[in-house]
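Undergrad: Got a structure for you, target24.txt, holding compact mmCIF, C-alpha atoms.
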```
# COMPACT_ATOMS: atom_id res chain seq x y z
CA MET A 213 -4.98 -26.61 99.71
CA THR A 214 -8.56 -26.02 98.63
CA ASN A 215 -10.42 -22.75 98.33
CA LYS A 216 -13.08 -22.57 101.04
CA GLN A 217 -15.41 -20.33 99.06
CA HIS A 218 -15.29 -22.62 96.03
CA ILE A 219 -16.24 -25.58 98.24
CA ILE A 220 -19.16 -23.63 99.74
CA GLU A 221 -20.45 -22.57 96.34
CA ARG A 222 -20.17 -26.09 94.91
CA PHE A 223 -21.81 -27.74 97.91
CA VAL A 224 -24.68 -25.25 98.04
CA SER A 225 -25.35 -25.67 94.32
CA TYR A 226 -25.73 -29.42 94.87
CA VAL A 227 -27.90 -29.40 97.99
CA GLN A 228 -30.35 -26.93 96.47
CA ILE A 229 -31.32 -29.61 93.93
CA ASP A 230 -33.97 -31.94 95.37
CA THR A 231 -32.79 -35.54 94.86
CA GLN A 232 -34.88 -37.43 97.42
CA SER A 233 -35.23 -41.12 96.58
CA ASP A 234 -38.43 -43.16 96.90
CA PRO A 235 -38.46 -46.72 98.32
CA LYS A 236 -41.92 -47.36 96.83
CA SER A 237 -40.70 -46.82 93.27
CA ASN A 238 -39.46 -49.69 91.10
CA THR A 239 -37.49 -47.53 88.66
CA THR A 240 -33.80 -46.65 88.66
CA PRO A 241 -33.34 -43.95 89.67
CA SER A 242 -36.37 -44.15 91.92
CA THR A 243 -37.25 -40.48 91.26
CA GLU A 244 -36.97 -38.43 88.07
CA LYS A 245 -35.56 -35.46 89.96
CA GLN A 246 -32.30 -37.32 90.63
CA TRP A 247 -31.51 -36.94 86.93
CA VAL A 248 -31.18 -33.16 87.39
CA LEU A 249 -28.09 -33.43 89.59
CA ALA A 250 -26.72 -36.41 87.64
CA ARG A 251 -26.75 -34.37 84.43
CA LYS A 252 -25.21 -31.37 86.19
CA LEU A 253 -22.36 -33.51 87.54
CA ALA A 254 -21.67 -35.10 84.16
CA GLY A 255 -21.52 -31.64 82.61
CA GLU A 256 -19.14 -30.33 85.27
CA LEU A 257 -16.85 -33.33 84.86
CA ARG A 258 -16.62 -32.69 81.13
CA GLU A 259 -15.99 -28.98 81.68
CA MET A 260 -13.11 -29.62 84.09
CA GLY A 261 -11.43 -31.92 81.56
CA MET A 262 -12.14 -35.39 82.90
CA SER A 263 -12.01 -38.32 80.49
CA GLU A 264 -14.53 -41.10 79.76
CA VAL A 265 -17.41 -39.16 81.30
CA GLU A 266 -20.56 -41.26 81.07
CA LEU A 267 -24.11 -40.92 82.35
CA ASP A 268 -25.80 -44.28 81.82
CA GLN A 269 -29.47 -45.23 81.48
CA ASN A 270 -29.80 -45.75 85.24
CA SER A 271 -28.30 -42.35 86.17
CA TYR A 272 -24.89 -43.62 87.29
CA VAL A 273 -22.20 -41.03 86.53
CA MET A 274 -18.68 -42.37 85.84
CA ALA A 275 -15.51 -40.60 84.79
CA THR A 276 -11.74 -41.06 84.62
CA LEU A 277 -8.72 -39.03 85.63
CA PRO A 278 -5.91 -40.58 83.56
CA ALA A 279 -2.62 -41.49 85.21
CA ASN A 280 0.20 -38.95 85.01
CA VAL A 281 3.00 -41.42 85.85
CA ALA A 282 4.77 -43.95 83.61
CA HIS A 283 4.98 -46.82 86.13
CA LYS A 284 2.12 -49.25 86.63
CA VAL A 285 -0.27 -48.23 89.41
CA PRO A 286 -3.49 -50.01 90.45
CA VAL A 287 -6.64 -48.23 89.29
CA ILE A 288 -8.45 -46.84 92.33
CA GLY A 289 -11.89 -45.28 92.65
CA PHE A 290 -13.91 -42.83 94.72
CA ILE A 291 -17.69 -43.11 95.05
CA SER A 292 -20.52 -41.01 96.50
CA HIS A 293 -24.29 -40.95 96.11
CA PHE A 294 -26.44 -37.99 95.12
CA ASP A 295 -29.86 -39.05 96.42
CA THR A 296 -31.10 -37.86 99.81
CA SER A 297 -33.11 -39.72 102.41
CA PRO A 298 -36.89 -40.16 102.11
CA ASP A 299 -37.03 -39.73 105.92
CA PHE A 300 -37.21 -35.93 105.72
CA SER A 301 -37.97 -33.30 103.11
CA GLY A 302 -35.22 -32.33 100.68
CA THR A 303 -37.36 -29.81 98.80
CA ASN A 304 -36.32 -26.13 98.80
CA VAL A 305 -33.17 -26.65 100.84
CA ASN A 306 -32.05 -23.23 102.06
CA PRO A 307 -28.56 -23.57 103.58
CA ARG A 308 -27.51 -21.20 106.36
CA ILE A 309 -23.81 -20.37 106.67
CA THR A 310 -22.34 -19.46 110.06
CA GLU A 311 -18.79 -18.15 109.78
CA ASP A 312 -16.37 -18.23 112.72
CA TYR A 313 -18.80 -20.29 114.83
CA ASP A 314 -18.71 -19.02 118.43
CA GLY A 315 -19.44 -22.36 120.12
CA GLY A 316 -22.99 -21.51 121.19
CA ASP A 317 -26.51 -22.14 119.90
CA ILE A 318 -27.21 -21.70 116.19
CA VAL A 319 -30.74 -20.49 115.50
CA LEU A 320 -31.94 -22.39 112.45
CA ASN A 321 -35.43 -20.98 112.36
CA GLU A 322 -36.38 -18.11 114.62
CA GLU A 323 -40.07 -18.23 113.72
CA LYS A 324 -40.39 -21.91 114.64
CA ASN A 325 -37.85 -21.73 117.48
CA ILE A 326 -35.66 -24.46 115.97
CA ILE A 327 -32.19 -24.33 117.52
CA LEU A 328 -29.05 -26.36 116.89
CA SER A 329 -27.44 -26.49 120.31
CA PRO A 330 -24.12 -28.02 121.44
CA GLU A 331 -25.83 -28.82 124.74
CA TYR A 332 -27.85 -31.50 122.92
CA PHE A 333 -25.57 -32.17 119.92
CA GLU A 334 -22.22 -32.31 121.73
CA ASP A 335 -20.13 -32.82 118.59
CA LEU A 336 -20.95 -29.28 117.48
CA ALA A 337 -18.72 -27.75 120.17
CA GLN A 338 -15.52 -29.15 118.60
CA TYR A 339 -16.05 -26.92 115.54
CA LYS A 340 -15.75 -23.58 117.32
CA GLY A 341 -14.08 -21.05 115.04
CA GLN A 342 -15.02 -22.92 111.86
CA THR A 343 -17.57 -22.21 109.12
CA ILE A 344 -20.73 -24.27 109.68
CA ILE A 345 -23.38 -24.93 107.03
CA THR A 346 -26.80 -25.80 108.46
CA THR A 347 -30.41 -26.10 107.35
CA ASP A 348 -33.06 -23.44 107.92
CA GLY A 349 -34.96 -25.92 110.12
CA THR A 350 -37.52 -26.96 107.50
CA THR A 351 -35.56 -29.56 105.46
CA LEU A 352 -32.59 -31.84 105.71
CA LEU A 353 -29.32 -30.43 104.36
CA GLY A 354 -28.15 -33.18 102.02
CA ALA A 355 -24.55 -33.40 103.23
CA ASP A 356 -25.33 -37.12 103.08
CA ASP A 357 -23.87 -37.45 100.54
CA LYS A 358 -23.50 -34.27 98.51
CA ALA A 359 -20.58 -33.47 100.78
CA GLY A 360 -18.85 -36.57 99.43
CA ILE A 361 -19.54 -35.47 95.86
CA THR A 362 -18.23 -31.97 96.63
CA GLU A 363 -15.04 -33.45 98.09
CA ILE A 364 -14.40 -35.77 95.14
CA MET A 365 -15.01 -32.97 92.62
CA THR A 366 -12.76 -30.61 94.59
CA ALA A 367 -9.97 -33.19 94.78
CA LEU A 368 -10.22 -33.93 91.06
CA GLN A 369 -9.98 -30.25 90.20
CA TYR A 370 -6.94 -29.91 92.47
CA LEU A 371 -5.18 -32.85 90.82
CA LEU A 372 -5.95 -31.44 87.37
CA ASP A 373 -4.59 -28.04 88.42
CA ASN A 374 -1.46 -29.54 90.03
CA PRO A 375 -0.06 -32.13 87.60
CA GLU A 376 3.18 -32.35 89.58
CA ILE A 377 1.31 -34.54 92.12
CA PRO A 378 1.85 -38.13 90.92
CA HIS A 379 -1.16 -40.43 90.62
CA GLY A 380 -2.33 -43.48 88.76
CA LYS A 381 -5.62 -43.84 86.90
CA ILE A 382 -8.53 -42.73 89.07
CA ARG A 383 -12.14 -43.69 88.46
CA ILE A 384 -15.07 -41.92 90.08
CA CYS A 385 -18.76 -42.77 90.26
CA PHE A 386 -21.80 -40.92 91.58
CA THR A 387 -24.78 -43.17 92.24
CA PRO A 388 -28.55 -42.85 92.74
CA ASP A 389 -30.76 -44.49 95.39
CA GLU A 390 -28.18 -45.31 98.07
CA GLU A 391 -30.56 -44.12 100.77
CA ILE A 392 -33.07 -46.83 99.86
CA GLY A 393 -30.42 -49.55 99.71
CA ARG A 394 -30.13 -49.75 95.94
CA GLY A 395 -27.08 -47.62 95.21
CA ALA A 396 -24.92 -50.59 94.24
CA HIS A 397 -27.63 -52.70 92.61
CA LYS A 398 -26.91 -51.57 89.05
CA PHE A 399 -23.34 -50.45 89.60
CA ASP A 400 -21.26 -51.97 86.79
CA VAL A 401 -18.11 -53.07 88.63
CA GLU A 402 -16.49 -54.46 85.50
CA LYS A 403 -17.00 -51.21 83.59
CA PHE A 404 -15.75 -49.19 86.57
CA GLY A 405 -12.53 -51.14 86.28
CA ALA A 406 -10.90 -50.27 89.61
CA GLN A 407 -8.97 -52.68 91.82
CA TRP A 408 -10.41 -51.03 94.89
CA ALA A 409 -12.36 -47.91 95.80
CA TYR A 410 -13.47 -45.72 98.71
CA THR A 411 -16.93 -44.39 99.42
CA MET A 412 -16.81 -40.83 100.75
CA ASP A 413 -19.90 -41.16 102.93
CA GLY A 414 -18.94 -41.13 106.60
CA SER A 415 -19.51 -38.57 109.31
CA GLN A 416 -16.92 -36.75 111.41
CA VAL A 417 -13.34 -36.06 110.38
CA GLY A 418 -11.14 -39.13 110.73
CA GLU A 419 -13.74 -41.84 110.31
CA LEU A 420 -12.44 -44.87 108.41
CA GLU A 421 -14.73 -47.85 108.28
CA PHE A 422 -14.39 -51.31 106.81
CA GLU A 423 -16.94 -53.15 108.92
CA ASN A 424 -20.72 -52.80 108.82
CA PHE A 425 -23.84 -54.62 109.95
CA ASN A 426 -25.15 -57.82 108.49
CA ALA A 427 -28.71 -56.83 107.69
CA ALA A 428 -32.08 -58.45 107.12
CA ARG A 429 -35.69 -57.31 106.86
CA ALA A 430 -38.56 -59.23 108.43
CA VAL A 431 -42.25 -58.81 107.67
CA VAL A 432 -44.39 -60.48 110.31
CA LYS A 433 -48.02 -61.06 109.31
CA VAL A 434 -50.36 -61.97 112.14
CA GLN A 435 -53.76 -63.44 111.27
CA GLY A 436 -56.73 -63.14 113.62
CA LYS A 437 -60.47 -63.72 113.39
CA SER A 438 -62.85 -60.80 113.49
CA VAL A 439 -66.20 -61.48 115.14
CA HIS A 440 -68.82 -59.05 116.44
CA PRO A 441 -67.57 -58.13 119.93
CA GLY A 442 -70.96 -58.80 121.44
CA TYR A 443 -70.75 -62.46 120.41
CA ALA A 444 -67.00 -62.95 120.43
CA LYS A 445 -66.48 -65.32 123.37
CA ASP A 446 -64.29 -68.27 122.32
CA LYS A 447 -64.53 -67.14 118.68
CA MET A 448 -62.67 -63.84 118.22
CA VAL A 449 -58.89 -63.95 117.80
CA ASN A 450 -57.44 -60.44 118.05
CA SER A 451 -54.34 -60.27 115.86
CA MET A 452 -53.12 -57.17 117.68
CA TYR A 453 -52.82 -59.08 120.95
CA ILE A 454 -50.86 -61.86 119.25
CA ALA A 455 -48.61 -59.23 117.67
CA GLN A 456 -48.12 -57.71 121.10
CA ASP A 457 -47.03 -61.10 122.45
CA PHE A 458 -44.54 -61.39 119.59
CA ILE A 459 -43.10 -57.92 120.20
CA ASN A 460 -42.78 -58.42 123.95
CA SER A 461 -41.11 -61.82 123.55
CA LEU A 462 -38.10 -60.39 121.72
CA PRO A 463 -35.25 -59.08 123.94
CA ARG A 464 -36.44 -55.65 125.03
CA LEU A 465 -32.95 -54.18 125.49
CA GLU A 466 -31.69 -55.42 122.10
CA THR A 467 -33.19 -52.46 120.26
CA PRO A 468 -31.47 -49.45 118.63
CA GLU A 469 -32.09 -47.13 121.57
CA HIS A 470 -30.29 -49.51 123.95
CA THR A 471 -27.32 -50.64 121.84
CA GLU A 472 -24.03 -49.23 120.54
CA ASP A 473 -20.68 -50.15 118.94
CA ARG A 474 -20.86 -53.79 117.76
CA GLN A 475 -24.08 -54.66 119.57
CA GLY A 476 -26.81 -55.89 117.25
CA PHE A 477 -30.55 -55.31 117.52
CA PHE A 478 -34.11 -55.98 116.45
CA HIS A 479 -35.83 -52.77 115.32
CA LEU A 480 -39.61 -52.60 114.99
CA SER A 481 -39.94 -49.96 112.29
CA SER A 482 -43.65 -50.20 111.49
CA ILE A 483 -46.86 -51.64 112.89
CA LYS A 484 -50.27 -51.59 111.21
CA GLY A 485 -53.24 -53.63 112.25
CA ASP A 486 -56.75 -54.38 113.31
CA VAL A 487 -58.51 -57.38 114.79
CA GLU A 488 -58.34 -59.42 111.59
CA GLN A 489 -54.71 -58.80 110.61
CA THR A 490 -51.65 -57.02 111.97
CA GLN A 491 -48.37 -56.51 110.15
CA LEU A 492 -45.05 -55.80 111.84
CA GLU A 493 -41.93 -54.70 109.96
CA TYR A 494 -38.54 -55.29 111.52
CA ILE A 495 -34.96 -54.73 110.54
CA ILE A 496 -32.42 -57.14 112.04
CA ARG A 497 -28.81 -56.04 112.44
CA ASP A 498 -25.60 -57.60 113.81
CA HIS A 499 -21.91 -57.28 112.98
CA ASP A 500 -21.21 -60.88 113.99
CA LYS A 501 -22.31 -63.41 111.37
CA LYS A 502 -23.22 -66.12 113.89
CA HIS A 503 -25.16 -63.70 116.08
CA PHE A 504 -26.95 -62.40 112.99
CA GLN A 505 -28.03 -65.89 112.03
CA ALA A 506 -29.12 -66.53 115.62
CA ARG A 507 -31.34 -63.45 115.55
CA LYS A 508 -33.16 -64.67 112.47
CA GLU A 509 -33.58 -68.11 114.00
CA MET A 510 -34.90 -66.56 117.21
CA MET A 511 -37.68 -64.88 115.24
CA LEU A 512 -38.63 -68.14 113.54
CA ASP A 513 -38.55 -70.06 116.82
CA LEU A 514 -40.76 -67.42 118.43
CA LYS A 515 -43.22 -67.71 115.57
CA ASN A 516 -43.45 -71.49 116.09
CA GLU A 517 -43.90 -71.06 119.83
CA ILE A 518 -46.76 -68.57 119.45
CA CYS A 519 -48.40 -70.70 116.76
CA THR A 520 -48.63 -73.61 119.19
CA GLN A 521 -50.80 -71.37 121.37
CA TYR A 522 -52.98 -69.63 118.75
CA GLY A 523 -52.94 -72.00 115.80
CA SER A 524 -50.43 -73.08 113.18
CA GLU A 525 -51.34 -70.37 110.68
CA CYS A 526 -51.60 -67.38 112.97
CA ILE A 527 -48.17 -65.96 112.01
CA GLU A 528 -46.20 -65.82 108.76
CA ILE A 529 -42.69 -64.37 108.59
CA GLU A 530 -40.96 -63.20 105.42
CA LEU A 531 -37.22 -62.87 106.04
CA LYS A 532 -34.94 -61.29 103.46
CA ASP A 533 -31.22 -60.59 103.77
CA GLN A 534 -30.31 -57.06 102.69
CA TYR A 535 -26.52 -56.83 102.87
CA ALA A 536 -23.55 -58.40 104.64
CA ASN A 537 -20.58 -57.23 106.67
CA MET A 538 -17.88 -56.15 104.24
CA ARG A 539 -15.09 -56.93 106.72
CA GLU A 540 -14.50 -60.44 105.35
CA LYS A 541 -13.98 -58.94 101.88
CA ILE A 542 -11.72 -56.11 103.07
CA GLU A 543 -9.43 -58.11 105.38
CA PRO A 544 -7.67 -59.94 102.50
CA ALA A 545 -6.84 -56.50 101.05
CA MET A 546 -6.01 -54.53 104.19
CA HIS A 547 -3.35 -52.51 102.39
CA ILE A 548 -6.20 -50.35 101.04
CA VAL A 549 -7.13 -49.41 104.60
CA ASP A 550 -3.45 -48.86 105.44
CA ILE A 551 -3.13 -46.38 102.56
CA ALA A 552 -6.17 -44.44 103.80
CA GLU A 553 -4.77 -44.36 107.34
CA GLU A 554 -1.42 -43.12 106.09
CA ALA A 555 -3.11 -40.47 103.97
CA MET A 556 -5.08 -39.15 106.93
CA ARG A 557 -2.02 -38.92 109.15
CA ALA A 558 -0.13 -37.17 106.35
CA VAL A 559 -2.69 -34.35 106.47
CA ASN A 560 -2.73 -34.26 110.29
CA ILE A 561 -5.88 -36.32 110.87
CA GLU A 562 -5.96 -39.09 113.45
CA PRO A 563 -7.93 -42.00 111.95
CA ILE A 564 -11.04 -43.14 113.82
CA ILE A 565 -11.54 -46.78 112.90
CA LYS A 566 -14.92 -48.08 113.98
CA PRO A 567 -17.75 -50.26 112.67
CA ILE A 568 -20.60 -48.69 110.74
CA ARG A 569 -23.90 -49.04 112.55
CA GLY A 570 -25.72 -49.20 109.28
CA GLY A 571 -25.12 -50.12 105.68
CA THR A 572 -23.06 -48.68 102.88
CA ASP A 573 -22.77 -49.02 99.14
CA GLY A 574 -19.26 -50.18 99.93
CA ALA A 575 -20.58 -53.35 101.54
CA GLN A 576 -22.52 -54.40 98.46
CA LEU A 577 -19.69 -53.37 96.15
CA SER A 578 -17.19 -55.36 98.20
CA TYR A 579 -19.29 -58.47 97.66
CA LYS A 580 -19.50 -57.66 93.95
CA GLY A 581 -15.71 -57.79 93.75
CA LEU A 582 -14.76 -54.15 94.45
CA PRO A 583 -13.26 -53.85 97.98
CA CYS A 584 -14.57 -50.53 99.20
CA PRO A 585 -13.95 -49.07 102.70
CA ASN A 586 -15.75 -45.91 103.78
CA ILE A 587 -14.10 -42.56 104.55
CA PHE A 588 -15.53 -39.55 106.39
CA ALA A 589 -17.41 -36.86 104.47
CA GLY A 590 -17.71 -34.56 107.50
CA GLY A 591 -21.44 -34.12 108.14
CA HIS A 592 -23.49 -34.68 111.29
CA ASN A 593 -27.13 -35.38 112.21
CA PHE A 594 -28.03 -36.79 108.81
CA HIS A 595 -31.63 -37.24 107.58
CA GLY A 596 -33.17 -34.39 109.52
CA LYS A 597 -33.47 -30.68 110.14
CA TYR A 598 -30.49 -30.57 112.52
CA GLU A 599 -28.04 -31.75 109.86
CA TYR A 600 -24.89 -29.66 109.55
CA ILE A 601 -21.37 -29.77 108.14
CA PRO A 602 -18.22 -27.73 108.81
CA VAL A 603 -16.63 -26.49 105.59
CA GLU A 604 -13.20 -27.28 107.01
CA SER A 605 -14.22 -30.96 107.23
CA MET A 606 -14.95 -30.99 103.51
CA GLN A 607 -11.57 -29.40 102.88
CA LYS A 608 -9.88 -32.13 104.93
CA ALA A 609 -11.74 -34.89 103.09
CA ALA A 610 -10.63 -33.49 99.73
CA GLU A 611 -7.04 -33.42 101.00
CA VAL A 612 -7.32 -37.10 102.02
CA ILE A 613 -8.51 -38.05 98.51
CA VAL A 614 -5.55 -36.26 96.93
CA LYS A 615 -3.13 -37.86 99.37
CA ILE A 616 -4.53 -41.37 98.78
CA ALA A 617 -4.01 -40.89 95.05
CA GLU A 618 -0.43 -39.70 95.61
CA LEU A 619 0.50 -42.41 98.13
CA THR A 620 -0.92 -45.18 95.94
CA SER A 621 1.26 -43.99 93.08
CA ARG A 622 4.39 -43.76 95.23
CA ARG A 623 3.77 -47.17 96.86
CA TYR A 624 3.91 -48.89 93.46
CA GLN A 625 6.98 -47.08 92.08
```
Would you kindly transcribe this structure into structure tokens?

TA:
Amino acid sequence: MTNKQHIIERFVSYVQIDTQSDPKSNTTPSTEKQWVLARKLAGELREMGMSEVELDQNSYVMATLPANVAHKVPVIGFISHFDTSPDFSGTNVNPRITEDYDGGDIVLNEEKNIILSPEYFEDLAQYKGQTIITTDGTTLLGADDKAGITEIMTALQYLLDNPEIPHGKIRICFTPDEEIGRGAHKFDVEKFGAQWAYTMDGSQVGELEFENFNAARAVVKVQGKSVHPGYAKDKMVNSMYIAQDFINSLPRLETPEHTEDRQGFFHLSSIKGDVEQTQLEYIIRDHDKKHFQARKEMMLDLKNEICTQYGSECIEIELKDQYANMREKIEPAMHIVDIAEEAMRAVNIEPIIKPIRGGTDGAQLSYKGLPCPNIFAGGHNFHGKYEYIPVESMQKAAEVIVKIAELTSRRYQ
């Protein structure tokens, strides 16, 4: 359906633009460099003949593919983000292309001995014979989520070039700052005007997700008393020891490295401290709403317990919910998942329905009134130097987008 070389050229042109977001910034987008790709995408959409192309003051790119059928069809949307993770450098991305992958090790960087091996990354072996795009071992790749953008653009071009394929009105949006949890914050759902949408932001071929973590952030501030160690008896209170008690009192096996599937966790992401004050930063995750609430209450109960030992003001906890499980918003509209499943099977893909162990713009958008499941974009090992994507996976994702558009039109004939 889609030209492999065109997909490669489009994808490479996107990932070579540094769009790393910055969680410390208060602007939208959080970095000026995100504007570079936003403007490029708006220009390409206009050139290909899309309607209502708009780049707003916050760097959200929206556009419309008008319906080509006379009957009434719900407006649907496709969404991807163009920022890359602040976890790893996205500057001077130099993609490496391995054609007809032989199933063995891929040397990313000979000088630094950085090797992408199927012995460690088992998923790689399933792509033998395909064209693999990797990093050069010094940056991330940016398939998260420039692959999604590539797939949406490819599908739009295909629909424009093949008007015999029936479809209703299609809206698309490319967003900034998803990687720092803000991709949906200034998304104008009313202006977007779709009845439902799909984020193209998953991993391996077949992934279809409509369930994600409930999420919260906790900042634990531990207050001690610093006294000269030579005269500290019965006077010094070492905040680091209190923090250690707090850490060790949470369930040790309910952490990311010991959990999977629908199991929730407490994740200590940062610790900074000295005798006088120590600060812990946690993220709290659980798919189950009751379990999620219980985790937050456990933290507060633990704080009270430790304060009875060290003093009522020794610990402060700031808890803030980040996003919620979109399942309760998707279940009343499960036909949108059914259409995606049918589309995948129509292009010979077996759907892999599983919960997202993370967050998604789709979760926030679902709670803003736009039900929004997540579909695979094809990449692996996101946010690091071992990131890679098979070109054939991007081709498949573009085919799924086209088929969803067609099936939605036919369903409402």

Undergrad: Which of these residues is nearest to Tyr332 in chain A, using only C-alpha atoms: A:Tyr598, A:Tyr624, A:Phe294, A:Glu509?

TA: A:Tyr598

Undergrad: Go through range 270-341 of chain A residue by residue and, counting all atoms listed in the file, keep those with an atom at most 9 Å from range 378-382 of chain A; for each kept residue give the shortest atom pair and its distance in Å to one decimal, ordered by chain and increasing number, as a Markdown table.

TA:
```
| residue | atom | partner | partner_atom | distance |
| --- | --- | --- | --- | --- |
| A:Ala275 | CA | A:Ile382 | CA | 8.5 |
| A:Thr276 | CA | A:Ile382 | CA | 5.7 |
| A:Leu277 | CA | A:Ile382 | CA | 5.1 |
| A:Pro278 | CA | A:Lys381 | CA | 4.7 |
| A:Ala279 | CA | A:Gly380 | CA | 4.1 |
| A:Asn280 | CA | A:His379 | CA | 6.0 |
| A:Val281 | CA | A:Pro378 | CA | 6.2 |
| A:Ala282 | CA | A:Gly380 | CA | 8.8 |
| A:His283 | CA | A:Gly380 | CA | 8.5 |
| A:Lys284 | CA | A:Gly380 | CA | 7.6 |
| A:Val285 | CA | A:Gly380 | CA | 5.2 |
| A:Pro286 | CA | A:Gly380 | CA | 6.8 |
| A:Val287 | CA | A:Lys381 | CA | 5.1 |
| A:Ile288 | CA | A:Ile382 | CA | 5.2 |
| A:Gly289 | CA | A:Ile382 | CA | 5.5 |
| A:Phe290 | CA | A:Ile382 | CA | 7.8 |
```

Undergrad: Provide the CA of Gly574 in chain A to CA of Lys252 in chain A distance in Å, to one decimal place.

TA: 24.0 Å

Undergrad: Return the single residue from A:Asp348, A:Glu244, A:Asp357, A:Asp299 that is closest to Glu323 in chain A, with distances computed using all atoms listed in the file.

TA: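 Of the candidates, the smallest distance to Glu323 in chain A is held by A:Asp348.
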
Undergrad: Pick out the residues sitting within 7 Å of range 579-584 of chain A, and hand them over as an NGL selection string; count only C-alpha atoms, and ignore anything fewer than 6 positions along from it in its own chain.

TA: :A and (401 or 407-411 or 541-542)

Undergrad: Grab the CA of Ala428 in chain A to CA of Gln232 in chain A distance for me, in Å with one decimal place.

TA: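 Interatomic distance, CA of Ala428 in chain A to CA of Gln232 in chain A: 23.3 Å.
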
Undergrad: Using Å and a single decimal, report how far CA of Phe223 in chain A sits from CA of Leu257 in chain A.

TA: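 We find that CA of Leu257 in chain A and CA of Phe223 in chain A lie 15.0 Å from each other.
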
Undergrad: Can I get the residues of range 378-419 of chain A within 8 Å of range 546-563 of chain A, each with the closest pair of atoms and their distance in Å to one decimal, using only C-alpha atoms, sorted chain first then ascending number, as JSON lines?

TA:
```
{"residue": "A:Trp408", "atom": "CA", "partner": "A:Ile548", "partner_atom": "CA", "distance": 7.5}
{"residue": "A:Val417", "atom": "CA", "partner": "A:Ile561", "partner_atom": "CA", "distance": 7.5}
{"residue": "A:Gly418", "atom": "CA", "partner": "A:Pro563", "partner_atom": "CA", "distance": 4.5}
{"residue": "A:Glu419", "atom": "CA", "partner": "A:Pro563", "partner_atom": "CA", "distance": 6.0}
```

Undergrad: Can you tell me, as a list in words, what residues are no more than 9 Å from Ala396 in chain A when counting only C-alpha atoms, ignoring any on the same chain fewer than 5 positions away?

TA: Thr387, Pro388, Asp389, Glu390, Asp573, Gly574, Ala575, Gln576, Leu577 and Lys580 of chain A

Undergrad: Will you model all heavy atoms for range 525-529 of chain A and pass it back as a CSV table (one decimal), in the frame of the given file?

TA:
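And here's result-v5.csv as it stands now:
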```
chain,number,residue,atom,x,y,z
A,525,GLU,N,-51.4,-71.3,111.8
A,525,GLU,CA,-51.3,-70.4,110.7
A,525,GLU,C,-51.5,-68.9,111.2
A,525,GLU,O,-51.8,-68.0,110.4
A,525,GLU,CB,-52.4,-70.7,109.6
A,525,GLU,CG,-52.2,-72.0,109.0
A,525,GLU,CD,-53.2,-72.3,107.9
A,525,GLU,OE1,-54.2,-71.5,107.8
A,525,GLU,OE2,-53.1,-73.4,107.2
A,526,CYS,N,-51.3,-68.7,112.5
A,526,CYS,CA,-51.6,-67.4,113.0
A,526,CYS,C,-50.5,-66.4,112.6
A,526,CYS,O,-50.7,-65.2,112.6
A,526,CYS,CB,-51.8,-67.4,114.5
A,526,CYS,SG,-50.4,-67.7,115.5
A,527,ILE,N,-49.3,-66.9,112.3
A,527,ILE,CA,-48.2,-66.0,112.0
A,527,ILE,C,-47.4,-66.5,110.8
A,527,ILE,O,-47.1,-67.7,110.7
A,527,ILE,CB,-47.2,-65.8,113.2
A,527,ILE,CG1,-47.8,-65.1,114.4
A,527,ILE,CG2,-46.0,-65.0,112.8
A,527,ILE,CD1,-46.9,-64.9,115.6
A,528,GLU,N,-47.1,-65.6,109.9
A,528,GLU,CA,-46.2,-65.8,108.8
A,528,GLU,C,-45.1,-64.8,108.9
A,528,GLU,O,-45.3,-63.6,109.2
A,528,GLU,CB,-46.9,-65.6,107.4
A,528,GLU,CG,-47.9,-66.7,107.1
A,528,GLU,CD,-48.5,-66.4,105.7
A,528,GLU,OE1,-48.0,-65.5,105.0
A,528,GLU,OE2,-49.5,-67.1,105.4
A,529,ILE,N,-43.8,-65.3,108.6
A,529,ILE,CA,-42.7,-64.4,108.6
A,529,ILE,C,-42.0,-64.4,107.2
A,529,ILE,O,-41.6,-65.5,106.8
A,529,ILE,CB,-41.7,-64.7,109.7
A,529,ILE,CG1,-42.4,-64.5,111.1
A,529,ILE,CG2,-40.5,-63.8,109.6
A,529,ILE,CD1,-41.4,-64.8,112.3
```
